[in-house]
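Here is the structure we will look at.
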Amino acid sequence: MPVNVSAADAGVRILLVEDDVRLAALIQEYLQQQAMDVSIEYRGDLACQRITTECPDLVVLDLMLPGLDGLEVCKAVRPQYGGPILMLTARDEDVDQVVGLEIGADDYVTKPVQPRVLLARIRALLRRFSQGNQGTTDERIERSELCFGRFRISAAARDAWLNDELLELTTNEFELLWLFATHVGEVLTRDTILDQLRGIGYDGLDRSVDIRVSRLRKKLGDNTNRPFRIKTIRGKGYLFVKEAWG
């Protein structure tokens, strides 16, 4: 009998790209108990076409795959596929997290995978994407552009400009920057940032926020040693400074 079934899960289409046959079957069985529709692809080179043609509601993508690895698959499909991508990685290393987030992955889970954790991450991503699409187009555009001196960011156009130059931002970098810009003058804790961007709390060990902030500072021309645009407030979090944009 299905357990912990949410009405929001029913009929959600997930493509699981995982070459470990046993693990893929276990994940598929668990998610199907939540009334989700889960299909499996074992090869990275075949996953690209399936993702772009089937357009699942969410992709769970393993890092190590035959044919093409998960990073290559993510990079290849991102221009055509706008849904959430959750990466699985057996390596608990910052470099994998950074590269995955930079090329368009929306979240990651480190193996060995705990089914309840995976389910929570999937639900959080689906909820985040669903909330991002709520409201009429006019309503979203009306509240979706902010300007601070020579800096402008638009949620409707999904772009940001500084000194009349377009900033080259990944999806995750843009969402983090938008979060800061909409909370100008407020100190955002790591827990708040993780909750808003990934739907999870800060466990005291996750460095993904610090990694994203560091890379974002470089693209914003912030001083990496003594940042003045996105300040670190020791023991608390990060502060987007309104007066720092000229």
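In the structure tokens, the first chain shown is A, the next is B, and so on; residue numbers restart at 1 for each chain, and ligands run from 1 in the order shown.
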
(request) List every residue of segment 15-132 of chain A that DSSP, applied to the backbone of this structure, assigns to strand (DSSP E or B), and report them as a PyMOL selection string. (result) chain A and resi 15-17+37-41+58-62+85-89+107-110

File dump, residues just selected, C-alpha atoms, as a PDB file, in the first residue's frame:
```pdb
ATOM      1  CA  LEU A  15      12.689  10.570 -15.666  1.00  0.00           C
ATOM      2  CA  LEU A  16      15.322   8.785 -13.576  1.00  0.00           C
ATOM      3  CA  VAL A  17      18.701   8.586 -15.334  1.00  0.00           C
ATOM      4  CA  ASP A  37       5.014   8.192 -12.749  1.00  0.00           C
ATOM      5  CA  VAL A  38       8.684   7.174 -12.946  1.00  0.00           C
ATOM      6  CA  SER A  39      10.527   5.961 -16.039  1.00  0.00           C
ATOM      7  CA  ILE A  40      14.180   4.914 -16.148  1.00  0.00           C
ATOM      8  CA  GLU A  41      17.019   5.574 -18.593  1.00  0.00           C
ATOM      9  CA  LEU A  58      11.483  16.590 -13.208  1.00  0.00           C
ATOM     10  CA  VAL A  59      14.730  14.785 -14.055  1.00  0.00           C
ATOM     11  CA  VAL A  60      16.764  12.847 -11.494  1.00  0.00           C
ATOM     12  CA  LEU A  61      20.202  12.641 -13.101  1.00  0.00           C
ATOM     13  CA  ASP A  62      23.127  10.528 -11.915  1.00  0.00           C
ATOM     14  CA  ILE A  85      17.073  18.794 -12.682  1.00  0.00           C
ATOM     15  CA  LEU A  86      18.154  17.018  -9.500  1.00  0.00           C
ATOM     16  CA  MET A  87      21.614  15.471  -9.686  1.00  0.00           C
ATOM     17  CA  LEU A  88      22.826  12.373  -7.860  1.00  0.00           C
ATOM     18  CA  THR A  89      26.511  12.197  -7.044  1.00  0.00           C
ATOM     19  CA  ASP A 107      19.832  20.720  -6.679  1.00  0.00           C
ATOM     20  CA  TYR A 108      21.910  17.663  -5.818  1.00  0.00           C
ATOM     21  CA  VAL A 109      21.743  14.685  -3.469  1.00  0.00           C
ATOM     22  CA  THR A 110      24.822  12.736  -2.403  1.00  0.00           C
TER      23      THR A 110
END
```

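Between Lys236 of chain A and the candidates A:Leu65, A:Ala10, A:Val187, A:Ala90, the tightest atom-to-atom separation, counting only C-alpha atoms, involves A:Val187.
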
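Every protein or nucleic acid residue with an atom no more than 7 Å from Ala35 of chain A, counting only C-alpha atoms and leaving out same-chain residues fewer than 3 positions away, appears here: Val5, Asp9, Ala10, Gly11, Leu31 and Gln32 of chain A.
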
The selected residues should be written to file as a compact mmCIF listing (two decimals), in the first residue's frame (atoms: N, CA and C atoms).
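Final output, saved to result_0.txt:
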```
# COMPACT_ATOMS: atom_id res chain seq x y z
N VAL A 5 1.45 9.48 0.86
CA VAL A 5 1.09 9.96 -0.47
C VAL A 5 0.50 11.36 -0.37
N ASP A 9 1.66 14.87 -5.54
CA ASP A 9 2.59 13.94 -6.18
C ASP A 9 1.93 13.14 -7.30
N ALA A 10 0.63 12.97 -7.22
CA ALA A 10 -0.08 12.08 -8.14
C ALA A 10 0.12 12.52 -9.61
N GLY A 11 0.63 11.59 -10.41
CA GLY A 11 0.79 11.86 -11.83
C GLY A 11 2.03 12.63 -12.20
N LEU A 31 9.26 5.93 -5.33
CA LEU A 31 8.55 7.09 -5.84
C LEU A 31 7.18 6.71 -6.41
N GLN A 32 7.07 5.53 -6.97
CA GLN A 32 5.77 5.08 -7.48
C GLN A 32 4.79 4.82 -6.34
```

(request) May I have the residues within 7 Å of Gly185 of chain A as a ChimeraX atom specification, using only C-alpha atoms and disregarding those fewer than 2 positions away in the same chain? (result) /A:183,187,239-242

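Closest approach to Lys219 of chain A among A:Gln196, A:Thr170, A:Thr53, A:Thr182: A:Thr170, based on only C-alpha atoms.
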
(message) I'd like to know which of A:Val184, A:Ala124, A:Leu169, A:Ile51 is closest to Cys147 of chain A, using only C-alpha atoms.
(response) A:Val184

(request) Go through A:Val117, A:Ala105, A:Leu125, A:Val209 one by one, measure the shortest atom-to-atom distance of each to Thr192 of chain A using only C-alpha atoms, and give the residue with the smallest value. (result) A:Val209

(message) Given only C-alpha atoms as the basis, pick out the residue of A:Glu29, A:Gln80, A:Glu173, A:Ala244 nearest to Asn223 of chain A.
(response) A:Ala244
